Amino acid sequence: MIAAILKRLLRMVVVMFGISVITFLIFFATPASDPAARIAGRNAAQETIEAVRKDFGLDRPLYVQYGLMMEKLFITRDLTSFANRGQQIVPTVMAAAPATLSLVSGAAILWMLGGILTGITAAAFRGRWPDKILMGISMMAVAMPVFWVGEMVNLVTQNRLHDTWAFSWVPALGYTPFSQDPGLWFRSMVFPWLTLAFLYIGLYGRMLRTGIIETYQEDFIRTARAKGLTGRKVLLKHATRSAIIPIVIMFGMDFGVLVGGAAVLTEVVFGINGVGRLTYQALKVLDLPMIMATVLYASFFVVVANAVVDLLCLLIDPRMRRA
C-alpha cells in the first residue's frame, strides 16, 4: 500500500513537471514569440524592450529562466505578475481558491446524489413514464449551456422575482467567505451550485442508467436472481455497484478539472472571483506567471482526484484489487 502511494506521488511530480515545462516553452520558446515585447506593451521602443528583457531576466538561457521561475513559485513564493506589476502570484491564487472549492464541492455533492438517484430510478422503471420523464429532463440538462442556465437563474432570482417571498432571501451576486458569514455564504452559493450541477446530474444519470441496464445482462446478475434475491437487492447491491465505477472515475476527472478552473463560466455569471476567472483574465493579457501558477494548480487537483478515485474503485469493487 505504501509503495502504491509513493508511486502515485512520484507520478504526480512527474506529471506536474512535464506540464510546467510545456507551458513554459509554449510562451518562451515559440518562434516569433517575445515575452519582453508583450510585457513592454504595443509600440514600445526597442530600448524599452531591452530594459524589460534585462529586468525580468529574459536575456538568460531558457533553463535558467525556468529554474528561476520555479524557485520564485514554489520556494521563495515571491513570483510577481508580468501584466500587473507588484501583484504576488501565489497569494492571489490562494485567495481565489476557496471560492472555486466552495462552488465545485457543493455542486459535486448535488450532482452525484442527483445523478445516482436519477440513474437508479430510471433503470428501475425502464421503458415506463418515470424513465421517460427523467431521461427527457436529463437530455435537456445536457443540451443547455451552463452560462445560459446561469443567466436565466439570475434573471429570475436577481431581477424579475427578487422582491417576492420566494427569492427575497437570495443575496446579490458575488462570493462571501464562509469564515466571514456562514449563512450568507450558503445563501449566495445555492443557485451557483444548482446551475453547475444541473448539467452533470443529467449526464451522470444517463450514464448510470445505461450502465445498470447493460449490467443486467451479465452472468452474475442471473446468478443472483437464481438465488432468489429480490429485485431491489439485485438492483442496488449488484447492478448499481458494478455500473457506478465508470461514474466514480468520471467524477474524479470532472471534479479535478472544475476545481482547476473549468468552472469559469459559472464563476463569471455569478460574479465569483475564483481560479477559473483568474485564469481567464491572465490568458487575455498573456500573463505567463499567473498562467503557469493556475495550470500547475489545476494539474495538482486533477492528479490528486484521480489518485483518490483509484482508491475508491478498489473499495467499491474488490475484483479490481487483483487487476
# chains A, B, ... in the order shown; residues from 1 in each chain; ligands from 1
call {"tool": "residues_around", "arguments": {"residues": "Met290 in chain A", "least_positions_apart": "6", "cutoff": "9 Å", "atoms": "only C-alpha atoms", "output": "PyMOL selection string"}}
result
chain A and resi 79-82+89-90+92-93+278-279+282-283
call {"tool": "write_last_selection", "arguments": {"atoms": "N, CA and C atoms", "output": "PDB file, in the first residue's frame"}}
result
ATOM      1  N   LEU A  79       6.945  35.247  -6.728  1.00  0.00           N
ATOM      2  CA  LEU A  79       6.760  35.472  -8.158  1.00  0.00           C
ATOM      3  C   LEU A  79       5.688  36.536  -8.370  1.00  0.00           C
ATOM      4  N   THR A  80       5.978  37.485  -9.231  1.00  0.00           N
ATOM      5  CA  THR A  80       5.047  38.584  -9.486  1.00  0.00           C
ATOM      6  C   THR A  80       4.509  38.511 -10.909  1.00  0.00           C
ATOM      7  N   SER A  81       3.380  39.161 -11.113  1.00  0.00           N
ATOM      8  CA  SER A  81       2.723  39.167 -12.410  1.00  0.00           C
ATOM      9  C   SER A  81       3.498  40.001 -13.415  1.00  0.00           C
ATOM     10  N   PHE A  82       3.479  39.548 -14.681  1.00  0.00           N
ATOM     11  CA  PHE A  82       4.066  40.341 -15.755  1.00  0.00           C
ATOM     12  C   PHE A  82       3.125  41.481 -16.172  1.00  0.00           C
ATOM     13  N   ILE A  89       1.797  36.417  -7.186  1.00  0.00           N
ATOM     14  CA  ILE A  89       1.047  35.348  -7.849  1.00  0.00           C
ATOM     15  C   ILE A  89       0.460  34.361  -6.846  1.00  0.00           C
ATOM     16  N   VAL A  90       1.300  33.820  -5.974  1.00  0.00           N
ATOM     17  CA  VAL A  90       0.846  32.763  -5.066  1.00  0.00           C
ATOM     18  C   VAL A  90      -0.261  33.248  -4.134  1.00  0.00           C
ATOM     19  N   THR A  92      -2.399  35.572  -4.651  1.00  0.00           N
ATOM     20  CA  THR A  92      -3.589  35.837  -5.466  1.00  0.00           C
ATOM     21  C   THR A  92      -4.330  34.537  -5.790  1.00  0.00           C
ATOM     22  N   VAL A  93      -3.591  33.496  -6.168  1.00  0.00           N
ATOM     23  CA  VAL A  93      -4.215  32.204  -6.477  1.00  0.00           C
ATOM     24  C   VAL A  93      -4.823  31.587  -5.223  1.00  0.00           C
ATOM     25  N   LEU A 278      -9.753  33.956 -12.714  1.00  0.00           N
ATOM     26  CA  LEU A 278      -8.385  34.460 -12.648  1.00  0.00           C
ATOM     27  C   LEU A 278      -7.579  33.981 -13.854  1.00  0.00           C
ATOM     28  N   THR A 279      -7.744  32.710 -14.220  1.00  0.00           N
ATOM     29  CA  THR A 279      -7.037  32.168 -15.381  1.00  0.00           C
ATOM     30  C   THR A 279      -7.496  32.840 -16.663  1.00  0.00           C
ATOM     31  N   ALA A 282      -5.913  36.173 -16.950  1.00  0.00           N
ATOM     32  CA  ALA A 282      -4.485  36.056 -17.253  1.00  0.00           C
ATOM     33  C   ALA A 282      -4.254  35.687 -18.715  1.00  0.00           C
ATOM     34  N   LEU A 283      -5.135  34.854 -19.280  1.00  0.00           N
ATOM     35  CA  LEU A 283      -4.995  34.463 -20.683  1.00  0.00           C
ATOM     36  C   LEU A 283      -5.249  35.647 -21.620  1.00  0.00           C
TER      37      LEU A 283
END
call {"tool": "closest_atom_pairs", "arguments": {"of": "range 182-284 of chain A", "to": "range 111-126 of chain A", "cutoff": "6 Å", "atoms": "only C-alpha atoms", "output": "CSV"}}
result
residue,atom,partner,partner_atom,distance
A:Ala197,CA,A:Trp111,CA,4.9
A:Tyr200,CA,A:Trp111,CA,5.7
A:Ile201,CA,A:Gly115,CA,4.3
A:Tyr204,CA,A:Gly115,CA,4.9
A:Gly205,CA,A:Gly119,CA,4.1
A:Leu208,CA,A:Gly119,CA,4.9
A:Arg209,CA,A:Gly119,CA,4.3
call {"tool": "write_last_selection", "arguments": {"atoms": "N, CA, C and O atoms", "output": "JSON list (two decimals), in the first residue's frame"}}
result
[["chain", "number", "residue", "atom", "x", "y", "z"],
["A", 197, "ALA", "N", -24.41, 22.07, -11.16],
["A", 197, "ALA", "CA", -24.75, 20.65, -11.01],
["A", 197, "ALA", "C", -25.76, 20.17, -12.03],
["A", 197, "ALA", "O", -25.82, 18.97, -12.32],
["A", 200, "TYR", "N", -24.38, 18.10, -14.95],
["A", 200, "TYR", "CA", -23.77, 16.83, -14.56],
["A", 200, "TYR", "C", -24.79, 15.84, -14.01],
["A", 200, "TYR", "O", -24.59, 14.63, -14.12],
["A", 201, "ILE", "N", -25.85, 16.34, -13.41],
["A", 201, "ILE", "CA", -26.91, 15.43, -12.97],
["A", 201, "ILE", "C", -27.50, 14.69, -14.17],
["A", 201, "ILE", "O", -27.69, 13.47, -14.14],
["A", 204, "TYR", "N", -24.61, 12.26, -15.64],
["A", 204, "TYR", "CA", -24.33, 11.10, -14.80],
["A", 204, "TYR", "C", -25.55, 10.19, -14.71],
["A", 204, "TYR", "O", -25.41, 8.96, -14.66],
["A", 205, "GLY", "N", -26.74, 10.78, -14.67],
["A", 205, "GLY", "CA", -27.94, 9.95, -14.61],
["A", 205, "GLY", "C", -28.10, 9.08, -15.84],
["A", 205, "GLY", "O", -28.43, 7.90, -15.74],
["A", 208, "LEU", "N", -25.34, 6.30, -15.77],
["A", 208, "LEU", "CA", -25.59, 5.26, -14.77],
["A", 208, "LEU", "C", -26.75, 4.37, -15.21],
["A", 208, "LEU", "O", -26.71, 3.15, -15.04],
["A", 209, "ARG", "N", -27.79, 4.96, -15.77],
["A", 209, "ARG", "CA", -28.92, 4.16, -16.26],
["A", 209, "ARG", "C", -28.45, 3.17, -17.32],
["A", 209, "ARG", "O", -28.79, 1.98, -17.27]]
call {"tool": "closest_residue", "arguments": {"among": "A:Leu258, A:Met207, A:Val308, A:Leu296", "to": "Val14 in chain A", "atoms": "only C-alpha atoms"}}
result
A:Leu296
call {"tool": "closest_residue", "arguments": {"among": "A:Leu199, A:Ile109, A:Val259, A:Met292", "to": "Val304 in chain A", "atoms": "only C-alpha atoms"}}
result
A:Val259
call {"tool": "closest_residue", "arguments": {"among": "A:Tyr280, A:Ala307, A:Ile247, A:Pro145", "to": "Val295 in chain A", "atoms": "only C-alpha atoms"}}
result
A:Tyr280
call {"tool": "closest_residue", "arguments": {"among": "A:Ile137, A:Leu58, A:Leu110, A:Val268", "to": "Gln281 in chain A", "atoms": "only C-alpha atoms"}}
result
A:Val268
call {"tool": "atom_distance", "arguments": {"atom1": "CA of Thr294 in chain A", "atom2": "CA of Ile49 in chain A"}}
result
26.4 Å
call {"tool": "atom_distance", "arguments": {"atom1": "CA of Ala243 in chain A", "atom2": "CA of Gln217 in chain A"}}
result
11.9 Å
